[in-house]
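Next up, upload-v1.cif (mmCIF, C-alpha atoms):
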data_model
loop_
_atom_site.label_atom_id
_atom_site.label_comp_id
_atom_site.auth_asym_id
_atom_site.auth_seq_id
_atom_site.Cartn_x
_atom_site.Cartn_y
_atom_site.Cartn_z
CA MET A 1 45.52 -35.41 89.17
CA ALA A 2 48.02 -38.25 89.47
CA SER A 3 49.70 -37.72 92.78
CA SER A 4 52.76 -39.90 92.58
CA GLY A 5 54.73 -38.14 89.98
CA GLN A 6 56.33 -40.38 87.38
CA ILE A 7 53.48 -40.89 84.95
CA ALA A 8 51.62 -37.74 85.74
CA ASP A 9 51.60 -36.50 82.16
CA GLN A 10 49.67 -39.50 80.90
CA GLY A 11 45.92 -39.48 80.88
CA VAL A 12 43.50 -40.77 83.45
CA VAL A 13 42.61 -43.82 81.33
CA ASN A 14 46.27 -44.74 80.98
CA ASP A 15 46.68 -44.56 84.76
CA LEU A 16 43.71 -46.86 85.22
CA VAL A 17 44.91 -49.44 82.68
CA GLU A 18 48.47 -49.34 83.94
CA ASP A 19 47.53 -49.78 87.61
CA TRP A 20 45.24 -52.72 86.95
CA SER A 21 47.44 -54.53 84.44
CA GLN A 22 50.82 -54.73 86.12
CA ASP A 23 50.30 -58.07 87.89
CA LYS A 24 51.14 -56.69 91.33
CA GLU A 25 49.69 -54.11 93.68
CA VAL A 26 46.96 -52.03 92.09
CA PHE A 27 46.50 -49.29 94.65
CA LYS A 28 49.68 -47.35 95.16
CA VAL A 29 48.91 -46.46 98.75
CA HIS A 30 49.67 -47.97 102.15
CA TRP A 31 47.88 -51.34 102.31
CA GLY A 32 46.07 -50.27 105.49
CA LYS A 33 44.68 -47.22 103.71
CA ALA A 34 43.39 -49.33 100.81
CA MET A 35 41.77 -51.73 103.28
CA MET A 36 40.19 -48.87 105.23
CA TRP A 37 38.68 -47.55 102.00
CA ILE A 38 37.28 -50.99 101.19
CA PHE A 39 35.79 -51.17 104.71
CA LEU A 40 34.27 -47.72 104.35
CA LEU A 41 32.80 -48.75 101.00
CA SER A 42 31.06 -51.68 102.69
CA ASP A 43 29.91 -49.37 105.48
CA THR A 44 28.45 -47.07 102.84
CA PHE A 45 26.26 -49.94 101.69
CA ILE A 46 25.15 -50.66 105.27
CA PHE A 47 24.15 -47.08 106.03
CA THR A 48 22.49 -46.62 102.65
CA SER A 49 20.46 -49.76 103.32
CA PHE A 50 19.33 -48.33 106.65
CA LEU A 51 18.40 -44.99 105.13
CA THR A 52 16.69 -46.61 102.16
CA GLY A 53 14.68 -48.85 104.50
CA TYR A 54 13.68 -45.75 106.43
CA MET A 55 12.64 -44.02 103.21
CA LYS A 56 10.49 -46.99 102.19
CA ILE A 57 8.83 -47.21 105.62
CA ARG A 58 8.15 -43.51 105.76
CA ALA A 59 6.82 -43.30 102.21
CA SER A 60 4.43 -46.20 102.75
CA SER A 61 3.05 -45.02 106.10
CA THR A 62 -0.55 -43.82 106.06
CA ILE A 63 -0.14 -42.37 109.56
CA PRO A 64 1.63 -38.98 109.61
CA TRP A 65 5.36 -39.16 110.30
CA PRO A 66 6.47 -37.47 113.56
CA ASN A 67 7.87 -33.96 113.16
CA ALA A 68 11.58 -34.15 114.03
CA SER A 69 11.75 -30.36 114.20
CA GLU A 70 9.44 -30.36 117.24
CA ILE A 71 10.62 -33.60 118.86
CA PHE A 72 14.23 -32.48 118.96
CA ALA A 73 13.50 -28.94 120.08
CA LEU A 74 14.98 -27.73 123.34
CA SER A 75 14.07 -24.72 125.39
CA PHE A 76 16.60 -22.74 127.33
CA GLY A 77 14.19 -20.91 129.58
CA GLY A 78 12.12 -19.42 126.77
CA ASP A 79 10.28 -20.84 123.79
CA PRO A 80 11.59 -24.15 122.48
CA ILE A 81 14.12 -23.71 119.67
CA PRO A 82 13.41 -26.25 116.90
CA LEU A 83 15.99 -28.97 116.27
CA ILE A 84 18.61 -27.07 118.24
CA LEU A 85 20.08 -30.16 119.91
CA ILE A 86 20.73 -31.81 116.56
CA ALA A 87 22.21 -28.59 115.17
CA ILE A 88 24.66 -28.42 118.08
CA MET A 89 25.57 -32.10 117.59
CA THR A 90 26.20 -31.38 113.91
CA PHE A 91 28.54 -28.51 114.76
CA VAL A 92 30.36 -30.64 117.33
CA LEU A 93 30.96 -33.37 114.75
CA ILE A 94 32.11 -30.90 112.09
CA THR A 95 34.48 -29.31 114.56
CA SER A 96 35.91 -32.74 115.33
CA SER A 97 36.35 -33.33 111.59
CA GLY A 98 38.34 -30.10 111.37
CA THR A 99 40.63 -31.06 114.26
CA MET A 100 41.04 -34.52 112.70
CA ALA A 101 42.14 -32.93 109.42
CA LEU A 102 44.73 -30.95 111.39
CA ALA A 103 45.91 -34.12 113.15
CA VAL A 104 46.37 -35.86 109.79
CA ASN A 105 48.21 -32.82 108.46
CA TYR A 106 50.61 -32.79 111.41
CA GLY A 107 50.92 -36.56 110.99
CA TYR A 108 52.28 -36.04 107.47
CA ARG A 109 54.84 -33.70 109.00
CA ARG A 110 55.61 -36.30 111.70
CA ASP A 111 55.00 -33.69 114.36
CA ARG A 112 54.53 -35.98 117.34
CA GLY A 113 53.20 -33.56 119.91
CA LYS A 114 50.71 -31.71 117.73
CA THR A 115 49.45 -34.91 116.06
CA ALA A 116 48.70 -36.48 119.46
CA LEU A 117 47.17 -33.25 120.74
CA PHE A 118 44.73 -32.90 117.86
CA LEU A 119 43.87 -36.61 117.99
CA PHE A 120 42.95 -36.22 121.67
CA ILE A 121 40.89 -33.10 120.92
CA THR A 122 39.07 -34.97 118.15
CA ALA A 123 38.33 -37.89 120.48
CA ALA A 124 37.05 -35.44 123.11
CA PHE A 125 34.62 -33.88 120.63
CA GLY A 126 33.54 -37.39 119.66
CA LEU A 127 32.86 -38.15 123.31
CA LEU A 128 30.86 -34.94 123.62
CA PHE A 129 28.79 -35.99 120.60
CA VAL A 130 28.08 -39.43 122.08
CA GLY A 131 27.17 -37.78 125.38
CA MET A 132 24.65 -35.51 123.67
CA GLN A 133 23.24 -38.50 121.85
CA ALA A 134 22.86 -40.36 125.15
CA PHE A 135 20.98 -37.32 126.47
CA GLU A 136 18.77 -37.31 123.38
CA TRP A 137 18.00 -41.04 123.69
CA THR A 138 17.25 -40.75 127.40
CA LYS A 139 14.91 -37.84 126.79
CA LEU A 140 13.05 -39.74 124.08
CA ILE A 141 12.86 -43.09 125.89
CA VAL A 142 12.23 -41.92 129.46
CA ASP A 143 10.38 -38.62 129.09
CA GLU A 144 8.52 -39.11 125.82
CA GLY A 145 8.03 -42.88 125.93
CA VAL A 146 9.36 -43.55 122.42
CA ARG A 147 9.78 -47.29 121.75
CA PRO A 148 10.87 -49.13 118.60
CA TRP A 149 7.25 -50.20 118.10
CA SER A 150 5.33 -47.14 119.30
CA ASN A 151 5.56 -43.46 120.11
CA PRO A 152 3.18 -40.66 121.06
CA PHE A 153 3.89 -38.54 117.96
CA GLY A 154 2.68 -40.52 114.95
CA ALA A 155 3.78 -43.42 112.76
CA PRO A 156 4.93 -46.22 115.11
CA GLN A 157 7.91 -47.12 112.90
CA PHE A 158 9.57 -43.81 113.80
CA GLY A 159 11.19 -45.36 116.88
CA ALA A 160 12.59 -48.37 115.02
CA CYS A 161 14.15 -46.15 112.34
CA PHE A 162 15.46 -43.66 114.86
CA PHE A 163 17.10 -46.20 117.18
CA MET A 164 18.60 -48.28 114.36
CA ILE A 165 20.03 -45.39 112.36
CA THR A 166 21.28 -43.11 115.12
CA GLY A 167 22.29 -46.11 117.23
CA PHE A 168 24.43 -47.55 114.48
CA HIS A 169 25.98 -44.16 113.83
CA GLY A 170 26.56 -43.56 117.54
CA GLY A 171 28.25 -46.96 117.72
CA HIS A 172 30.58 -45.87 114.96
CA VAL A 173 31.40 -42.65 116.82
CA SER A 174 32.06 -44.57 120.05
CA GLY A 175 34.32 -47.03 118.23
CA GLY A 176 36.08 -44.08 116.62
CA VAL A 177 36.74 -42.45 119.99
CA ILE A 178 38.43 -45.65 121.22
CA TYR A 179 40.37 -45.99 117.94
CA LEU A 180 41.57 -42.37 118.03
CA THR A 181 42.56 -42.58 121.69
CA TYR A 182 44.58 -45.72 120.94
CA VAL A 183 46.34 -44.05 118.01
CA ALA A 184 46.94 -40.84 119.99
CA ILE A 185 48.59 -42.75 122.84
CA GLY A 186 50.68 -44.63 120.28
CA VAL A 187 51.81 -41.39 118.66
CA LEU A 188 52.72 -39.97 122.03
CA ASN A 189 54.72 -43.09 122.96
CA GLY A 190 56.58 -43.07 119.67
CA ARG A 191 55.00 -46.32 118.48
CA TYR A 192 54.89 -45.05 114.89
CA GLU A 193 58.27 -43.35 114.65
CA LYS A 194 59.72 -46.33 112.74
CA LYS A 195 56.55 -47.74 111.18
CA GLY A 196 55.47 -44.40 109.83
CA TYR A 197 52.47 -42.23 110.57
CA ASP A 198 50.13 -43.84 108.03
CA ILE A 199 47.77 -44.96 110.78
CA VAL A 200 46.92 -41.34 111.56
CA GLU A 201 45.72 -40.78 108.01
CA ILE A 202 43.85 -44.11 108.06
CA ALA A 203 42.11 -43.27 111.34
CA GLY A 204 41.32 -39.89 109.81
CA LEU A 205 39.53 -41.55 106.90
CA TYR A 206 37.36 -43.47 109.34
CA TRP A 207 36.55 -40.37 111.36
CA HIS A 208 35.67 -38.24 108.34
CA PHE A 209 33.44 -41.04 107.12
CA VAL A 210 31.52 -40.99 110.40
CA ASP A 211 31.01 -37.25 109.87
CA LEU A 212 30.00 -37.92 106.27
CA VAL A 213 27.30 -40.39 107.36
CA TRP A 214 25.98 -37.81 109.81
CA VAL A 215 25.56 -35.32 106.95
CA PHE A 216 23.12 -37.74 105.32
CA ILE A 217 21.35 -38.66 108.57
CA PHE A 218 20.96 -34.97 109.41
CA ALA A 219 19.44 -34.23 106.02
CA PHE A 220 17.16 -37.23 105.62
CA PHE A 221 16.15 -38.10 109.16
CA TYR A 222 16.08 -34.75 110.95
CA LEU A 223 15.44 -32.14 108.26
CA TRP A 224 13.26 -34.06 105.80
CA MET B 1 59.87 -31.41 106.13
CA SER B 2 59.84 -35.15 105.82
CA GLY B 3 56.91 -37.18 104.56
CA SER B 4 58.85 -37.98 101.43
CA GLU B 5 57.74 -41.63 101.23
CA SER B 6 55.48 -42.28 98.28
CA GLY B 7 51.82 -41.60 98.83
CA HIS B 8 52.41 -39.10 101.59
CA GLN B 9 50.89 -35.76 101.00
CA GLU B 10 51.23 -32.36 102.49
CA HIS B 11 48.89 -29.53 101.90
CA PRO B 12 48.83 -26.06 103.38
CA LEU B 13 46.77 -25.79 106.56
CA SER B 14 44.73 -23.00 105.02
CA ILE B 15 42.86 -25.36 102.70
CA TYR B 16 41.60 -27.39 105.66
CA LEU B 17 40.59 -24.28 107.55
CA TRP B 18 38.67 -22.94 104.54
CA ILE B 19 36.81 -26.23 104.08
CA TRP B 20 36.12 -26.32 107.80
CA ILE B 21 34.55 -22.84 107.70
CA LEU B 22 32.62 -23.79 104.58
CA LEU B 23 31.17 -26.87 106.31
CA PHE B 24 30.09 -24.67 109.23
CA VAL B 25 28.40 -22.22 106.92
CA LEU B 26 26.65 -24.96 104.92
CA SER B 27 25.45 -26.65 108.13
CA THR B 28 24.10 -23.34 109.38
CA PHE B 29 22.26 -22.88 106.08
CA SER B 30 20.66 -26.32 106.27
CA TYR B 31 19.64 -25.68 109.87
CA LEU B 32 18.09 -22.35 108.85
CA VAL B 33 16.00 -24.21 106.25
CA ASP B 34 14.29 -25.91 109.17
CA TYR B 35 14.35 -22.90 111.47
CA TYR B 36 12.44 -20.74 109.02
CA GLN B 37 10.23 -23.72 108.12
CA LEU B 38 10.74 -23.40 104.38
CA GLN B 39 8.34 -25.79 102.68
CA GLY B 40 7.75 -27.65 99.45
CA ALA B 41 10.17 -28.02 96.58
CA LEU B 42 12.38 -25.21 97.89
CA ARG B 43 12.93 -27.11 101.15
CA TRP B 44 13.82 -30.45 99.52
CA ASN B 45 16.11 -28.83 96.97
CA LEU B 46 17.99 -26.76 99.54
CA ILE B 47 18.42 -29.74 101.88
CA ILE B 48 19.78 -31.89 99.04
CA ILE B 49 22.07 -29.18 97.69
CA PHE B 50 23.62 -28.36 101.08
CA MET B 51 23.95 -32.09 101.84
CA MET B 52 25.69 -32.89 98.57
CA LEU B 53 28.05 -29.92 98.90
CA LYS B 54 29.03 -30.93 102.43
CA ALA B 55 29.49 -34.58 101.47
CA GLY B 56 31.52 -33.56 98.43
CA PHE B 57 33.90 -31.34 100.38
CA ILE B 58 34.41 -33.94 103.11
CA VAL B 59 35.25 -36.69 100.62
CA ALA B 60 37.27 -34.52 98.22
CA ILE B 61 39.37 -32.53 100.69
CA PHE B 62 39.20 -34.04 104.17
CA MET B 63 39.43 -37.61 102.86
CA HIS B 64 41.96 -36.50 100.20
CA MET B 65 40.06 -38.05 97.30
CA THR B 66 41.12 -35.15 95.07
CA TRP B 67 44.74 -36.16 95.37
CA GLU B 68 44.33 -39.92 94.90
CA ARG B 69 45.01 -41.80 91.69
CA ILE B 70 42.04 -42.49 89.44
CA THR B 71 42.31 -46.22 90.18
CA LEU B 72 41.44 -45.73 93.86
CA ILE B 73 38.87 -43.03 93.15
CA SER B 74 36.95 -45.22 90.72
CA ALA B 75 37.19 -48.30 92.94
CA ILE B 76 35.49 -46.36 95.75
CA LEU B 77 33.06 -44.09 93.95
CA VAL B 78 31.71 -46.36 91.20
CA PRO B 79 30.25 -49.26 93.26
CA PRO B 80 27.86 -47.02 95.26
CA LEU B 81 26.14 -46.15 91.98
CA ALA B 82 24.43 -49.56 92.36
CA LEU B 83 22.75 -48.09 95.44
CA LEU B 84 20.95 -45.58 93.23
CA VAL B 85 19.05 -48.51 91.72
CA LEU B 86 18.03 -49.68 95.20
CA ILE B 87 16.92 -46.19 96.17
CA ILE B 88 14.84 -45.71 93.01
CA LEU B 89 13.21 -49.15 93.33
CA MET B 90 12.39 -48.68 97.02
CA SER B 91 11.03 -45.22 96.35
CA LEU B 92 8.62 -46.63 93.76
CA GLU B 93 7.77 -49.52 96.05
CA GLY B 94 7.07 -47.15 98.94
CA GLN B 95 4.59 -45.16 96.90
CA TYR B 96 2.92 -48.38 95.75
CA THR B 97 2.61 -49.67 99.35
CA HIS B 98 1.21 -46.33 100.43
CA LYS B 99 -1.50 -46.42 97.76
CA SER B 100 -2.31 -50.07 98.49
CA ARG B 101 -2.75 -49.33 102.18
CA ALA B 102 -4.95 -46.36 101.45
CA THR B 103 -7.10 -48.59 99.25
CA PHE B 104 -7.37 -51.50 101.66
CA PHE B 105 -7.79 -49.40 104.79
CA GLY B 106 -10.69 -47.70 103.03
CA LEU B 107 -9.15 -44.26 103.03
CA GLU B 108 -10.84 -42.35 100.24
CA GLU B 109 -7.64 -40.79 99.15
CA ALA B 110 -4.13 -41.44 100.28
CA PRO B 111 -3.54 -38.71 102.84
CA VAL B 112 -0.54 -36.47 102.53
CA VAL B 113 1.69 -37.88 105.24
CA GLU B 114 4.30 -35.16 105.19
CA HIS B 115 3.96 -32.68 107.97
CA HIS B 116 6.30 -30.21 106.35
CA GLY B 117 4.25 -29.81 103.27
CA GLU B 118 3.36 -31.80 100.27
CA LYS B 119 5.51 -34.27 98.52
CA ASN B 120 4.82 -35.95 95.23
CA HIS B 121 3.18 -39.29 95.82
#

Translate the structure of the given file into C-alpha cells.
Amino acid sequence: MASSGQIADQGVVNDLVEDWSQDKEVFKVHWGKAMMWIFLLSDTFIFTSFLTGYMKIRASSTIPWPNASEIFALSFGGDPIPLILIAIMTFVLITSSGTMALAVNYGYRRDRGKTALFLFITAAFGLLFVGMQAFEWTKLIVDEGVRPWSNPFGAPQFGACFFMITGFHGGHVSGGVIYLTYVAIGVLNGRYEKKGYDIVEIAGLYWHFVDLVWVFIFAFFYLW
Amino acid sequence: MSGSESGHQEHPLSIYLWIWILLFVLSTFSYLVDYYQLQGALRWNLIIIFMMLKAGFIVAIFMHMTWERITLISAILVPPLALLVLIILMSLEGQYTHKSRATFFGLEEAPVVEHHGEKNH
C-alpha cells in the first residue's frame, strides 16, 4: 500500500504513527495536493448538507414529489424518452473524467503536448455539460414555469432543491472549466517545466470530485 | 520516463481505460433502472449499489486514493463518517415531520408520497 518505498514493509498502523509523530510534514505529498484534498473534504460536507436537506424536505412533504423521470424526458420526434437529457449529461461528465485521467497520466510523464491536449478536451466536455445544464434550466424556468417556491408538478420545494443542488454543482463545473483552461495554457507555455507538473494532478483531483458529486446527485435527485 | 520525484506515480493507461469503461457500463445500468421503471426495494438497492461502485472507482483509481499513504487516506475518508450521523438524524426527523403534518392537516393517514412506489415511512 505504502507508495513511497522506504518503509513499505512496515504495517499500516506504523505508517500512521510515524507520519503523525515526526514533528514536521505529515502528508508526504505536494503541499498543493494536500490542500486540495482538504478543500474537497470541506466541499464534501457542503454537498452532503445540500443533499441531506433535500432528503429531509422530500421525506416530510405531504404533497407528492415531482417525477424527475418525466420532467427531464426529451422527445426526438417520437415518444419522450425518460430522463434522457440527464443520462447524456452523465455520460458527458464521465467522458470528461476519463480524458482528465489521461491528462494526469501524461502529466506524470511530463508530456507537454498530450497533457495540454487532454486538458483542453476535458474543459470542452465540461463546457458541453454546462451548456446542457443551461438548456435544462431554461426549459424548466421558461417553458414549465418552475420557481424555487412553486412548480406545476407537485411539492413546491422541488424548485428550491433543484436550483440549489444543480446550481451549486454547475458552478463547480464552470469554475473547473476555467481552472483547467488556465492550467492547459500554462502547460502549453511551459509554465510548469521547472515547477513540476503537480498542478495537473491537483486540478485532476478537483475535476474527478465534481464528477463524484454528480454520481450522488444523479442517484438521489434524478433516479430516486 | 521521468516523474522520479517522490510522490509521483505512473500507472499503465489500460487501468484508466478499464475504469472508464466500467463507469460507462455502471451509468448505463443505473439509467436502465429508471428506463424500465423498476420499483420498490429492488430500485433503491440497485441505485445505491451502482452509485457506491461508481463513487468507489472514481475515488480509488481516478483520484489515486489506492496508491496514497494511509495517513492521507484516513485524513480524508474518516471525517465524512460524521455525516452519516447527520443523515440518520435527518432521515428520522423527516419521517417525524411527515407524520406530524399528516396529523395536523387532518389527513387520515400519511399518504405515500413516492411516485415510484412505496418507501418505508

Nearest to chain A by atom-to-atom distance, counting all atoms listed in the file, from B:Tyr16, B:Gly106, B:Ile73, B:Leu53: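 Of all the options, B:Tyr16 lies closest to chain A.
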
Could you check the closest approach to Pro12 of chain B for each of A:Tyr54, A:Phe27, A:Trp65, A:Tyr108 and tell me which residue wins, using all atoms listed in the file?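 Among the listed residues, A:Tyr108 lies closest to Pro12 of chain B.
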
Residues of chain A no more than 7 Å from chain B, counting all atoms listed in the file: send them over as number ranges by chain. A: 1-4, 12, 15-16, 19, 27, 29, 41, 52, 56-57, 59-65, 67, 82, 87, 91, 98, 101, 105, 108-109, 205, 208, 212, 215-216, 219, 223

Quick one: apply the PyMOL selection byres ((chain A and resi 162) around 10) to the file and drop the selected residues here as an MDAnalysis selection string. chainID A and resid 54 137 146:148 157:161 163:168 217 221:222

Go ahead and dump the residues you just picked, C-alpha atoms, as a PDB file, in the frame of the given file.
ATOM      1  CA  TYR A  54      13.680 -45.750 106.430  1.00  0.00           C
ATOM      2  CA  TRP A 137      18.000 -41.040 123.690  1.00  0.00           C
ATOM      3  CA  VAL A 146       9.360 -43.550 122.420  1.00  0.00           C
ATOM      4  CA  ARG A 147       9.780 -47.290 121.750  1.00  0.00           C
ATOM      5  CA  PRO A 148      10.870 -49.130 118.600  1.00  0.00           C
ATOM      6  CA  GLN A 157       7.910 -47.120 112.900  1.00  0.00           C
ATOM      7  CA  PHE A 158       9.570 -43.810 113.800  1.00  0.00           C
ATOM      8  CA  GLY A 159      11.190 -45.360 116.880  1.00  0.00           C
ATOM      9  CA  ALA A 160      12.590 -48.370 115.020  1.00  0.00           C
ATOM     10  CA  CYS A 161      14.150 -46.150 112.340  1.00  0.00           C
ATOM     11  CA  PHE A 163      17.100 -46.200 117.180  1.00  0.00           C
ATOM     12  CA  MET A 164      18.600 -48.280 114.360  1.00  0.00           C
ATOM     13  CA  ILE A 165      20.030 -45.390 112.360  1.00  0.00           C
ATOM     14  CA  THR A 166      21.280 -43.110 115.120  1.00  0.00           C
ATOM     15  CA  GLY A 167      22.290 -46.110 117.230  1.00  0.00           C
ATOM     16  CA  PHE A 168      24.430 -47.550 114.480  1.00  0.00           C
ATOM     17  CA  ILE A 217      21.350 -38.660 108.570  1.00  0.00           C
ATOM     18  CA  PHE A 221      16.150 -38.100 109.160  1.00  0.00           C
ATOM     19  CA  TYR A 222      16.080 -34.750 110.950  1.00  0.00           C
TER      20      TYR A 222
END

So the first atom is atom CA of Gly175 of chain A and the second is atom CA of Phe45 of chain A; what is the distance between them in Å, to one decimal place?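 Computing the Euclidean distance for atom CA of Gly175 of chain A and atom CA of Phe45 of chain A yields 18.6 Å.
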
Could you check which of A:Ala203, A:Met35, A:Trp149, A:Phe218 is closest to Leu85 of chain A, using all atoms listed in the file? A:Phe218

Could you jot down the atom CA of Val173 of chain A to atom CA of Thr44 of chain A separation for me, Å, one decimal place?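 Answer for the atom CA of Val173 of chain A to atom CA of Thr44 of chain A separation: 15.0 Å.
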
Residues matched by the PyMOL selection byres ((chain A and resi 72) around 10), written as a CSV table (one decimal) with C-alpha atoms, in the coordinates of the input:
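Final output, saved to out37.csv:
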chain,number,residue,atom,x,y,z
A,67,ASN,CA,7.9,-34.0,113.2
A,68,ALA,CA,11.6,-34.2,114.0
A,69,SER,CA,11.8,-30.4,114.2
A,70,GLU,CA,9.4,-30.4,117.2
A,71,ILE,CA,10.6,-33.6,118.9
A,73,ALA,CA,13.5,-28.9,120.1
A,74,LEU,CA,15.0,-27.7,123.3
A,80,PRO,CA,11.6,-24.2,122.5
A,81,ILE,CA,14.1,-23.7,119.7
A,82,PRO,CA,13.4,-26.2,116.9
A,83,LEU,CA,16.0,-29.0,116.3
A,84,ILE,CA,18.6,-27.1,118.2
A,85,LEU,CA,20.1,-30.2,119.9
A,86,ILE,CA,20.7,-31.8,116.6
A,87,ALA,CA,22.2,-28.6,115.2
A,136,GLU,CA,18.8,-37.3,123.4
A,139,LYS,CA,14.9,-37.8,126.8
A,140,LEU,CA,13.0,-39.7,124.1
A,222,TYR,CA,16.1,-34.8,111.0

Write out N, CA and C atoms for segment 108-130 of chain A, as a PDB file, in the frame of the given file.
ATOM      1  N   TYR A 108      51.430 -36.056 108.670  1.00  0.00           N
ATOM      2  CA  TYR A 108      52.280 -36.040 107.470  1.00  0.00           C
ATOM      3  C   TYR A 108      53.632 -35.411 107.784  1.00  0.00           C
ATOM      4  N   ARG A 109      53.592 -34.389 108.654  1.00  0.00           N
ATOM      5  CA  ARG A 109      54.840 -33.700 109.000  1.00  0.00           C
ATOM      6  C   ARG A 109      55.597 -34.402 110.122  1.00  0.00           C
ATOM      7  N   ARG A 110      55.033 -35.515 110.607  1.00  0.00           N
ATOM      8  CA  ARG A 110      55.610 -36.300 111.700  1.00  0.00           C
ATOM      9  C   ARG A 110      55.855 -35.432 112.933  1.00  0.00           C
ATOM     10  N   ASP A 111      54.921 -34.540 113.176  1.00  0.00           N
ATOM     11  CA  ASP A 111      55.000 -33.690 114.360  1.00  0.00           C
ATOM     12  C   ASP A 111      54.285 -34.407 115.505  1.00  0.00           C
ATOM     13  N   ARG A 112      55.073 -35.071 116.340  1.00  0.00           N
ATOM     14  CA  ARG A 112      54.530 -35.980 117.340  1.00  0.00           C
ATOM     15  C   ARG A 112      53.558 -35.310 118.299  1.00  0.00           C
ATOM     16  N   GLY A 113      54.008 -34.218 118.898  1.00  0.00           N
ATOM     17  CA  GLY A 113      53.200 -33.560 119.910  1.00  0.00           C
ATOM     18  C   GLY A 113      51.869 -33.061 119.369  1.00  0.00           C
ATOM     19  N   LYS A 114      51.939 -32.318 118.263  1.00  0.00           N
ATOM     20  CA  LYS A 114      50.710 -31.710 117.730  1.00  0.00           C
ATOM     21  C   LYS A 114      49.760 -32.776 117.191  1.00  0.00           C
ATOM     22  N   THR A 115      50.312 -33.832 116.566  1.00  0.00           N
ATOM     23  CA  THR A 115      49.450 -34.910 116.060  1.00  0.00           C
ATOM     24  C   THR A 115      48.660 -35.516 117.212  1.00  0.00           C
ATOM     25  N   ALA A 116      49.372 -35.876 118.294  1.00  0.00           N
ATOM     26  CA  ALA A 116      48.700 -36.480 119.460  1.00  0.00           C
ATOM     27  C   ALA A 116      47.682 -35.524 120.044  1.00  0.00           C
ATOM     28  N   LEU A 117      48.067 -34.246 120.160  1.00  0.00           N
ATOM     29  CA  LEU A 117      47.170 -33.250 120.740  1.00  0.00           C
ATOM     30  C   LEU A 117      45.850 -33.177 119.976  1.00  0.00           C
ATOM     31  N   PHE A 118      45.962 -33.040 118.646  1.00  0.00           N
ATOM     32  CA  PHE A 118      44.730 -32.900 117.860  1.00  0.00           C
ATOM     33  C   PHE A 118      43.924 -34.197 117.814  1.00  0.00           C
ATOM     34  N   LEU A 119      44.601 -35.350 117.908  1.00  0.00           N
ATOM     35  CA  LEU A 119      43.870 -36.610 117.990  1.00  0.00           C
ATOM     36  C   LEU A 119      43.057 -36.660 119.290  1.00  0.00           C
ATOM     37  N   PHE A 120      43.669 -36.225 120.385  1.00  0.00           N
ATOM     38  CA  PHE A 120      42.950 -36.220 121.670  1.00  0.00           C
ATOM     39  C   PHE A 120      41.771 -35.248 121.619  1.00  0.00           C
ATOM     40  N   ILE A 121      41.987 -34.066 121.021  1.00  0.00           N
ATOM     41  CA  ILE A 121      40.890 -33.100 120.920  1.00  0.00           C
ATOM     42  C   ILE A 121      39.746 -33.688 120.108  1.00  0.00           C
ATOM     43  N   THR A 122      40.099 -34.353 118.993  1.00  0.00           N
ATOM     44  CA  THR A 122      39.070 -34.970 118.150  1.00  0.00           C
ATOM     45  C   THR A 122      38.272 -36.003 118.932  1.00  0.00           C
ATOM     46  N   ALA A 123      38.999 -36.862 119.676  1.00  0.00           N
ATOM     47  CA  ALA A 123      38.330 -37.890 120.480  1.00  0.00           C
ATOM     48  C   ALA A 123      37.418 -37.251 121.520  1.00  0.00           C
ATOM     49  N   ALA A 124      37.859 -36.129 122.095  1.00  0.00           N
ATOM     50  CA  ALA A 124      37.050 -35.440 123.110  1.00  0.00           C
ATOM     51  C   ALA A 124      35.748 -34.921 122.496  1.00  0.00           C
ATOM     52  N   PHE A 125      35.845 -34.338 121.289  1.00  0.00           N
ATOM     53  CA  PHE A 125      34.620 -33.880 120.630  1.00  0.00           C
ATOM     54  C   PHE A 125      33.707 -35.068 120.305  1.00  0.00           C
ATOM     55  N   GLY A 126      34.322 -36.188 119.926  1.00  0.00           N
ATOM     56  CA  GLY A 126      33.540 -37.390 119.660  1.00  0.00           C
ATOM     57  C   GLY A 126      32.786 -37.832 120.900  1.00  0.00           C
ATOM     58  N   LEU A 127      33.472 -37.774 122.029  1.00  0.00           N
ATOM     59  CA  LEU A 127      32.860 -38.150 123.310  1.00  0.00           C
ATOM     60  C   LEU A 127      31.705 -37.210 123.638  1.00  0.00           C
ATOM     61  N   LEU A 128      31.913 -35.925 123.381  1.00  0.00           N
ATOM     62  CA  LEU A 128      30.860 -34.940 123.620  1.00  0.00           C
ATOM     63  C   LEU A 128      29.627 -35.266 122.767  1.00  0.00           C
ATOM     64  N   PHE A 129      29.889 -35.628 121.512  1.00  0.00           N
ATOM     65  CA  PHE A 129      28.790 -35.990 120.600  1.00  0.00           C
ATOM     66  C   PHE A 129      28.015 -37.186 121.144  1.00  0.00           C
ATOM     67  N   VAL A 130      28.742 -38.230 121.554  1.00  0.00           N
ATOM     68  CA  VAL A 130      28.080 -39.430 122.080  1.00  0.00           C
ATOM     69  C   VAL A 130      27.294 -39.083 123.347  1.00  0.00           C
TER      70      VAL A 130
END
